[in-house]
Amino acid sequence: MNSPREHWGSKIGFILAAAGSAVGLGNIWRFPYLAGQNGGAAFIFVYILCVLAIGIPVLIAEILIGRTAQKNPVGSFKVLTTSKFYHGIGGMGVVAGFVILSFYSVVAGWTIGYLFEAINGSLLNYDVAEKASEHFFVLTHDPVWNVLLLVVFMILTMGIVYFGVQKGIELGSKIMMPLLFVLLLGLMIYGLTLDGSYKGLDYLFNPDWSKINSDVILAALGQAFFSMSLGMGAMLTYGSYLTKKDNIPVSSLWIAFLDTSVAIIAGICIFSVVFATGQNPDVGPSLIFRTLPVVFAKMPGGWYFAVFFFFALSLAALTSTVSLLEVVTAYFVDEKGWKRKNAVIVFGSLVTLLGIPSALSFNALADFKIIGKTFFDLTEFISSNLMLPIGGFFIAIFVGWLWGFDKVKLLVKEGSEKLFDKFPWLIIFWKIILRFIAPVLIIIVLLSSIGIL
Ligand code: TRP
């Protein structure tokens, strides 16, 4: 009846695919601006703690659920538990994917807009910070520009998911991801040669501990989930294409390492320029779009750098949006019996509609605020800072307490026997994190952020 489930061709194939989902606008656009809004080094310190103490253990748990059940998020919980509540947690992941996609595609649209500007050369005119900021302001104040690019990006995403995730995008991302990495390294080196860039390093790596408060910790935790694509079943789904031979803990470490290094390198690029050009670090989502053009305009070979950079960034965003729409599509195909193409058209269009108020949050709806946030900020906050950590909380509880840890222990050891033979305490460490540390930390952070603690 059913054809056997496809599996990743190689170990490195899985790591690269998962890193491809993880690395995206979250690393290059979101991480630097959050660091800028939340005090720089203090935020980065808390962020790395969140990745190590919560992100990696939850990543292992999520992949393990997927590998064991060999299904999408809702289907996996249906295989593993009769609890309707957990089927609902899978469902919340699908909703989170839907909401994240709606605001993510707005920013992804900007990257395409900037790619056009880079190609026709106009981007190179913005050689000082004020001009680049003003240009970003002018562009994003145009509702038509925003909505049009959102639609273009959603059409690209839907096109790929519609025809199935083919060789094209896999091959494309295998070339573009390393290229993005090399370009970032190049930018970083150039950025560090600018006068005053050392102030950026100071800002990024010399923490002012007084800056840490519950908002900073919530932002760091939300960002760890967002950047590692955790808490909504995306990694669970990728894990469902793994076999028992794959080493989950080691792969997870690699994914976390690649994801975090790209974010830190992007941070160095941006903040060396921010400080060398005397800009404000805390301007929010516009940060990279105000700073990068200045570097491209100044550096030798800037046109090529700019074109390749925005092309690679658009592609990195596309590999992330594809994985988000794929979760929504797979749910309606597997669980509700929809035809793939219908699911893509219906839900892709609905996501685009939900994205429109986000696209208008920078212009027509800029003054329309709910609890002090624009529609864009609100959807970003609810999905990343609330839904993802809540999803992560219940994943940790499920694997730590409900699934049966004796079974879990055997399952996670499959493919990584040597590692656990050598370091038997790792499993105890992981268990303590999943049972106590991750859930307690997530709850404290969530409650304090909504003002209860
Ligand atoms: N992690 C991606 C980024 O950093 C975004 C992303 C893709 C995502 N899939 C996800 C975030 C699933 C949360 C959940 O750009």
# chains A, B, ... in the order shown; residues from 1 in each chain; ligands from 1
>>> residues_near_ligand(ligand="ligand 1", cutoff="8 Å", atoms="only C-alpha atoms and all ligand atoms", output="PyMOL selection string")
chain A and resi 21-28+30+96-97+100+104+225-235+316-317+319-321+323-324+384+388
>>> residues_around(residues="region 429-439 of chain A", least_positions_apart="2", cutoff="7 Å", atoms="only C-alpha atoms", output="compact mmCIF listing (two decimals) with all heavy atoms, in the first residue's frame")
# COMPACT_ATOMS: atom_id res chain seq x y z
N ILE A 54 18.79 24.43 27.05
CA ILE A 54 17.42 24.08 26.66
C ILE A 54 17.36 23.67 25.19
O ILE A 54 16.78 22.64 24.84
CB ILE A 54 16.46 25.26 26.93
CG1 ILE A 54 16.53 25.63 28.42
CG2 ILE A 54 15.04 24.89 26.54
CD1 ILE A 54 15.71 26.83 28.79
N PRO A 57 19.07 20.00 24.26
CA PRO A 57 18.27 18.89 24.79
C PRO A 57 16.89 18.76 24.14
O PRO A 57 16.43 17.65 23.84
CB PRO A 57 18.14 19.21 26.28
CG PRO A 57 19.30 20.09 26.59
CD PRO A 57 19.57 20.87 25.35
N PHE A 393 8.24 23.27 25.92
CA PHE A 393 7.95 22.82 27.29
C PHE A 393 7.27 21.45 27.25
O PHE A 393 7.70 20.50 27.93
CB PHE A 393 7.03 23.86 27.97
CG PHE A 393 6.51 23.44 29.31
CD1 PHE A 393 7.26 23.65 30.45
CD2 PHE A 393 5.26 22.85 29.43
CE1 PHE A 393 6.78 23.26 31.70
CE2 PHE A 393 4.77 22.46 30.68
CZ PHE A 393 5.54 22.66 31.81
N ALA A 396 9.54 18.61 26.10
CA ALA A 396 10.45 18.18 27.17
C ALA A 396 9.71 17.31 28.19
O ALA A 396 10.20 16.26 28.62
CB ALA A 396 11.07 19.40 27.86
N ILE A 397 8.49 17.74 28.57
CA ILE A 397 7.70 16.97 29.54
C ILE A 397 7.37 15.59 28.97
O ILE A 397 7.46 14.57 29.66
CB ILE A 397 6.37 17.71 29.87
CG1 ILE A 397 6.66 19.02 30.58
CG2 ILE A 397 5.44 16.83 30.68
CD1 ILE A 397 7.12 18.88 32.00
N GLY A 400 10.68 13.58 28.79
CA GLY A 400 11.27 13.40 30.12
C GLY A 400 10.41 12.56 31.06
O GLY A 400 10.94 11.77 31.85
N TRP A 401 9.08 12.75 31.00
CA TRP A 401 8.20 12.12 31.99
C TRP A 401 7.22 11.11 31.42
O TRP A 401 7.03 10.04 32.01
CB TRP A 401 7.36 13.19 32.71
CG TRP A 401 8.13 14.12 33.58
CD1 TRP A 401 8.56 15.37 33.26
CD2 TRP A 401 8.56 13.89 34.94
NE1 TRP A 401 9.22 15.95 34.32
CE2 TRP A 401 9.23 15.07 35.36
CE3 TRP A 401 8.43 12.82 35.83
CZ2 TRP A 401 9.78 15.19 36.64
CZ3 TRP A 401 8.98 12.95 37.10
CH2 TRP A 401 9.64 14.13 37.48
N TRP A 425 27.15 9.38 31.71
CA TRP A 425 26.46 10.43 32.47
C TRP A 425 25.66 11.37 31.57
O TRP A 425 24.78 12.08 32.03
CB TRP A 425 27.45 11.24 33.31
CG TRP A 425 28.64 11.71 32.51
CD1 TRP A 425 29.82 11.06 32.35
CD2 TRP A 425 28.74 12.91 31.73
NE1 TRP A 425 30.66 11.78 31.54
CE2 TRP A 425 30.02 12.92 31.15
CE3 TRP A 425 27.88 13.98 31.48
CZ2 TRP A 425 30.46 13.95 30.32
CZ3 TRP A 425 28.32 15.01 30.65
CH2 TRP A 425 29.59 14.98 30.08
N LEU A 426 25.98 11.34 30.25
CA LEU A 426 25.26 12.25 29.35
C LEU A 426 23.76 12.02 29.41
O LEU A 426 22.96 12.96 29.37
CB LEU A 426 25.74 12.04 27.91
CG LEU A 426 26.97 12.83 27.47
CD1 LEU A 426 27.36 12.44 26.05
CD2 LEU A 426 26.70 14.32 27.55
N ILE A 427 23.39 10.74 29.50
CA ILE A 427 21.97 10.43 29.45
C ILE A 427 21.26 10.92 30.72
O ILE A 427 20.13 11.41 30.67
CB ILE A 427 21.75 8.92 29.21
CG1 ILE A 427 20.42 8.71 28.52
CG2 ILE A 427 21.77 8.11 30.47
CD1 ILE A 427 20.54 7.96 27.27
N LEU A 441 12.72 26.38 33.74
CA LEU A 441 13.21 27.64 33.17
C LEU A 441 12.18 28.23 32.22
O LEU A 441 11.90 29.43 32.25
CB LEU A 441 14.53 27.42 32.42
CG LEU A 441 15.77 27.23 33.29
CD1 LEU A 441 17.00 27.02 32.42
CD2 LEU A 441 15.96 28.46 34.17
N ILE A 442 11.61 27.39 31.37
CA ILE A 442 10.65 27.91 30.39
C ILE A 442 9.45 28.53 31.12
O ILE A 442 9.01 29.63 30.78
CB ILE A 442 10.20 26.80 29.41
CG1 ILE A 442 11.38 26.33 28.56
CG2 ILE A 442 9.09 27.32 28.50
CD1 ILE A 442 11.08 25.12 27.67
N ILE A 443 8.95 27.84 32.14
CA ILE A 443 7.79 28.36 32.87
C ILE A 443 8.12 29.68 33.55
O ILE A 443 7.35 30.65 33.48
CB ILE A 443 7.33 27.33 33.94
CG1 ILE A 443 6.60 26.19 33.25
CG2 ILE A 443 6.43 27.97 34.97
CD1 ILE A 443 5.28 26.59 32.64
>>> closest_residue(among="A:Trp145, A:Phe332, A:Tyr238, A:Phe137", to="Glu62 (chain A)", atoms="only C-alpha atoms")
A:Tyr238
>>> closest_residue(among="A:Leu34, A:Leu185, A:Ala19, A:Met92", to="Val283 (chain A)", atoms="only C-alpha atoms")
A:Leu34
>>> select_by_dssp(residues="region 143-390 of chain A", states="helix (DSSP H, G or I)", output="JSON, numbers by chain")
{"A": [143, 144, 145, 146, 147, 148, 149, 150, 151, 152, 153, 154, 155, 156, 157, 158, 159, 160, 161, 162, 167, 168, 169, 170, 171, 172, 173, 174, 175, 176, 177, 178, 179, 180, 181, 182, 183, 184, 185, 186, 187, 188, 189, 190, 191, 192, 193, 198, 199, 200, 201, 202, 203, 204, 205, 209, 210, 211, 214, 215, 216, 217, 218, 219, 220, 221, 222, 223, 224, 225, 226, 227, 234, 235, 236, 237, 238, 239, 248, 249, 250, 251, 252, 253, 254, 255, 256, 257, 258, 259, 260, 261, 262, 263, 264, 265, 266, 267, 268, 269, 270, 271, 272, 273, 274, 275, 276, 287, 288, 289, 290, 291, 292, 293, 294, 295, 296, 297, 298, 302, 303, 304, 305, 306, 307, 308, 309, 310, 311, 312, 313, 314, 315, 316, 317, 318, 319, 320, 321, 322, 323, 324, 325, 326, 327, 328, 329, 330, 331, 332, 333, 334, 340, 341, 342, 343, 344, 345, 346, 347, 348, 349, 350, 351, 352, 353, 354, 355, 356, 357, 358, 359, 360, 361, 362, 375, 376, 377, 378, 379, 380, 381, 382, 383, 384, 385, 386, 387, 388, 389, 390]}
>>> closest_residue(among="A:Tyr198, A:Phe362, A:Tyr114, A:Tyr33", to="Pro293 (chain A)", atoms="only C-alpha atoms")
A:Tyr114
>>> residues_around(residues="Phe14 (chain A)", least_positions_apart="4", cutoff="12 Å", atoms="only C-alpha atoms", output="MDAnalysis selection string")
chainID A and resid 7:10 18:21 63 170 174 235 237:243 246:248 250:252 254:255
>>> decode(residues="region 168-200 of chain A", atoms="N, CA, C and O atoms", output="PDB file, in the first residue's frame")
ATOM      1  N   GLY A 168      16.214  20.757  -7.127  1.00  0.00           N
ATOM      2  CA  GLY A 168      16.605  22.149  -7.340  1.00  0.00           C
ATOM      3  C   GLY A 168      16.956  22.883  -6.062  1.00  0.00           C
ATOM      4  O   GLY A 168      18.062  23.413  -5.935  1.00  0.00           O
ATOM      5  N   ILE A 169      16.014  22.883  -5.125  1.00  0.00           N
ATOM      6  CA  ILE A 169      16.248  23.686  -3.930  1.00  0.00           C
ATOM      7  C   ILE A 169      17.311  23.042  -3.043  1.00  0.00           C
ATOM      8  O   ILE A 169      18.103  23.722  -2.402  1.00  0.00           O
ATOM      9  N   GLU A 170      17.345  21.717  -3.053  1.00  0.00           N
ATOM     10  CA  GLU A 170      18.372  21.048  -2.257  1.00  0.00           C
ATOM     11  C   GLU A 170      19.749  21.403  -2.776  1.00  0.00           C
ATOM     12  O   GLU A 170      20.644  21.790  -2.030  1.00  0.00           O
ATOM     13  N   LEU A 171      19.891  21.284  -4.094  1.00  0.00           N
ATOM     14  CA  LEU A 171      21.165  21.593  -4.717  1.00  0.00           C
ATOM     15  C   LEU A 171      21.476  23.073  -4.516  1.00  0.00           C
ATOM     16  O   LEU A 171      22.584  23.455  -4.124  1.00  0.00           O
ATOM     17  N   GLY A 172      20.432  23.892  -4.752  1.00  0.00           N
ATOM     18  CA  GLY A 172      20.592  25.335  -4.580  1.00  0.00           C
ATOM     19  C   GLY A 172      21.095  25.662  -3.194  1.00  0.00           C
ATOM     20  O   GLY A 172      22.038  26.436  -3.026  1.00  0.00           O
ATOM     21  N   SER A 173      20.500  25.040  -2.169  1.00  0.00           N
ATOM     22  CA  SER A 173      20.910  25.426  -0.826  1.00  0.00           C
ATOM     23  C   SER A 173      22.266  24.835  -0.465  1.00  0.00           C
ATOM     24  O   SER A 173      23.000  25.408   0.330  1.00  0.00           O
ATOM     25  N   LYS A 174      22.600  23.704  -1.082  1.00  0.00           N
ATOM     26  CA  LYS A 174      23.930  23.148  -0.812  1.00  0.00           C
ATOM     27  C   LYS A 174      25.037  24.064  -1.321  1.00  0.00           C
ATOM     28  O   LYS A 174      26.129  24.095  -0.777  1.00  0.00           O
ATOM     29  N   ILE A 175      24.733  24.817  -2.392  1.00  0.00           N
ATOM     30  CA  ILE A 175      25.745  25.743  -2.908  1.00  0.00           C
ATOM     31  C   ILE A 175      25.642  27.092  -2.195  1.00  0.00           C
ATOM     32  O   ILE A 175      26.633  27.699  -1.818  1.00  0.00           O
ATOM     33  N   MET A 176      24.380  27.531  -1.984  1.00  0.00           N
ATOM     34  CA  MET A 176      24.192  28.881  -1.459  1.00  0.00           C
ATOM     35  C   MET A 176      24.534  29.001   0.016  1.00  0.00           C
ATOM     36  O   MET A 176      24.998  30.043   0.461  1.00  0.00           O
ATOM     37  N   MET A 177      24.283  27.939   0.793  1.00  0.00           N
ATOM     38  CA  MET A 177      24.564  28.035   2.224  1.00  0.00           C
ATOM     39  C   MET A 177      26.052  28.251   2.488  1.00  0.00           C
ATOM     40  O   MET A 177      26.431  29.158   3.226  1.00  0.00           O
ATOM     41  N   PRO A 178      26.930  27.423   1.880  1.00  0.00           N
ATOM     42  CA  PRO A 178      28.354  27.688   2.066  1.00  0.00           C
ATOM     43  C   PRO A 178      28.756  29.050   1.517  1.00  0.00           C
ATOM     44  O   PRO A 178      29.572  29.752   2.117  1.00  0.00           O
ATOM     45  N   LEU A 179      28.125  29.455   0.402  1.00  0.00           N
ATOM     46  CA  LEU A 179      28.459  30.760  -0.168  1.00  0.00           C
ATOM     47  C   LEU A 179      28.084  31.874   0.825  1.00  0.00           C
ATOM     48  O   LEU A 179      28.858  32.804   1.063  1.00  0.00           O
ATOM     49  N   LEU A 180      26.900  31.730   1.422  1.00  0.00           N
ATOM     50  CA  LEU A 180      26.464  32.722   2.407  1.00  0.00           C
ATOM     51  C   LEU A 180      27.467  32.809   3.549  1.00  0.00           C
ATOM     52  O   LEU A 180      27.825  33.886   4.012  1.00  0.00           O
ATOM     53  N   PHE A 181      27.931  31.646   3.961  1.00  0.00           N
ATOM     54  CA  PHE A 181      28.888  31.575   5.055  1.00  0.00           C
ATOM     55  C   PHE A 181      30.186  32.302   4.694  1.00  0.00           C
ATOM     56  O   PHE A 181      30.702  33.112   5.461  1.00  0.00           O
ATOM     57  N   VAL A 182      30.689  32.019   3.485  1.00  0.00           N
ATOM     58  CA  VAL A 182      31.933  32.658   3.033  1.00  0.00           C
ATOM     59  C   VAL A 182      31.749  34.170   2.903  1.00  0.00           C
ATOM     60  O   VAL A 182      32.598  34.962   3.327  1.00  0.00           O
ATOM     61  N   LEU A 183      30.605  34.581   2.344  1.00  0.00           N
ATOM     62  CA  LEU A 183      30.349  36.013   2.198  1.00  0.00           C
ATOM     63  C   LEU A 183      30.286  36.701   3.561  1.00  0.00           C
ATOM     64  O   LEU A 183      30.811  37.799   3.740  1.00  0.00           O
ATOM     65  N   LEU A 184      29.652  36.016   4.525  1.00  0.00           N
ATOM     66  CA  LEU A 184      29.574  36.596   5.871  1.00  0.00           C
ATOM     67  C   LEU A 184      30.969  36.754   6.473  1.00  0.00           C
ATOM     68  O   LEU A 184      31.273  37.766   7.093  1.00  0.00           O
ATOM     69  N   LEU A 185      31.803  35.724   6.262  1.00  0.00           N
ATOM     70  CA  LEU A 185      33.172  35.815   6.774  1.00  0.00           C
ATOM     71  C   LEU A 185      33.894  36.995   6.132  1.00  0.00           C
ATOM     72  O   LEU A 185      34.580  37.764   6.806  1.00  0.00           O
ATOM     73  N   GLY A 186      33.719  37.145   4.817  1.00  0.00           N
ATOM     74  CA  GLY A 186      34.340  38.260   4.102  1.00  0.00           C
ATOM     75  C   GLY A 186      33.874  39.592   4.667  1.00  0.00           C
ATOM     76  O   GLY A 186      34.677  40.500   4.944  1.00  0.00           O
ATOM     77  N   LEU A 187      32.558  39.706   4.866  1.00  0.00           N
ATOM     78  CA  LEU A 187      32.001  40.943   5.412  1.00  0.00           C
ATOM     79  C   LEU A 187      32.536  41.211   6.808  1.00  0.00           C
ATOM     80  O   LEU A 187      32.831  42.351   7.176  1.00  0.00           O
ATOM     81  N   MET A 188      32.657  40.131   7.583  1.00  0.00           N
ATOM     82  CA  MET A 188      33.133  40.297   8.949  1.00  0.00           C
ATOM     83  C   MET A 188      34.557  40.851   8.948  1.00  0.00           C
ATOM     84  O   MET A 188      34.865  41.804   9.671  1.00  0.00           O
ATOM     85  N   ILE A 189      35.394  40.247   8.094  1.00  0.00           N
ATOM     86  CA  ILE A 189      36.786  40.705   8.047  1.00  0.00           C
ATOM     87  C   ILE A 189      36.849  42.158   7.600  1.00  0.00           C
ATOM     88  O   ILE A 189      37.531  42.992   8.200  1.00  0.00           O
ATOM     89  N   TYR A 190      36.047  42.483   6.566  1.00  0.00           N
ATOM     90  CA  TYR A 190      36.049  43.867   6.113  1.00  0.00           C
ATOM     91  C   TYR A 190      35.536  44.802   7.209  1.00  0.00           C
ATOM     92  O   TYR A 190      36.136  45.841   7.494  1.00  0.00           O
ATOM     93  N   GLY A 191      34.449  44.376   7.847  1.00  0.00           N
ATOM     94  CA  GLY A 191      33.856  45.201   8.905  1.00  0.00           C
ATOM     95  C   GLY A 191      34.858  45.500  10.011  1.00  0.00           C
ATOM     96  O   GLY A 191      34.913  46.611  10.543  1.00  0.00           O
ATOM     97  N   LEU A 192      35.687  44.495  10.333  1.00  0.00           N
ATOM     98  CA  LEU A 192      36.634  44.681  11.425  1.00  0.00           C
ATOM     99  C   LEU A 192      37.779  45.627  11.067  1.00  0.00           C
ATOM    100  O   LEU A 192      38.477  46.118  11.946  1.00  0.00           O
ATOM    101  N   THR A 193      37.955  45.867   9.751  1.00  0.00           N
ATOM    102  CA  THR A 193      39.013  46.815   9.381  1.00  0.00           C
ATOM    103  C   THR A 193      38.526  48.261   9.486  1.00  0.00           C
ATOM    104  O   THR A 193      39.310  49.195   9.384  1.00  0.00           O
ATOM    105  N   LEU A 194      37.211  48.468   9.658  1.00  0.00           N
ATOM    106  CA  LEU A 194      36.686  49.837   9.720  1.00  0.00           C
ATOM    107  C   LEU A 194      37.089  50.496  11.033  1.00  0.00           C
ATOM    108  O   LEU A 194      37.126  49.849  12.075  1.00  0.00           O
ATOM    109  N   ASP A 195      37.348  51.793  10.945  1.00  0.00           N
ATOM    110  CA  ASP A 195      37.700  52.552  12.149  1.00  0.00           C
ATOM    111  C   ASP A 195      36.563  52.509  13.156  1.00  0.00           C
ATOM    112  O   ASP A 195      35.419  52.787  12.797  1.00  0.00           O
ATOM    113  N   GLY A 196      36.874  52.171  14.375  1.00  0.00           N
ATOM    114  CA  GLY A 196      35.826  52.207  15.399  1.00  0.00           C
ATOM    115  C   GLY A 196      35.070  50.901  15.544  1.00  0.00           C
ATOM    116  O   GLY A 196      34.194  50.776  16.391  1.00  0.00           O
ATOM    117  N   SER A 197      35.413  49.904  14.694  1.00  0.00           N
ATOM    118  CA  SER A 197      34.648  48.658  14.746  1.00  0.00           C
ATOM    119  C   SER A 197      34.875  47.926  16.069  1.00  0.00           C
ATOM    120  O   SER A 197      34.039  47.139  16.498  1.00  0.00           O
ATOM    121  N   TYR A 198      36.015  48.207  16.725  1.00  0.00           N
ATOM    122  CA  TYR A 198      36.290  47.507  17.978  1.00  0.00           C
ATOM    123  C   TYR A 198      35.202  47.801  19.021  1.00  0.00           C
ATOM    124  O   TYR A 198      34.926  46.997  19.883  1.00  0.00           O
ATOM    125  N   LYS A 199      34.551  48.950  18.879  1.00  0.00           N
ATOM    126  CA  LYS A 199      33.453  49.261  19.809  1.00  0.00           C
ATOM    127  C   LYS A 199      32.318  48.261  19.635  1.00  0.00           C
ATOM    128  O   LYS A 199      31.601  47.938  20.583  1.00  0.00           O
ATOM    129  N   GLY A 200      32.166  47.782  18.394  1.00  0.00           N
ATOM    130  CA  GLY A 200      31.148  46.762  18.135  1.00  0.00           C
ATOM    131  C   GLY A 200      31.482  45.471  18.865  1.00  0.00           C
ATOM    132  O   GLY A 200      30.617  44.829  19.460  1.00  0.00           O
TER     133      GLY A 200
END
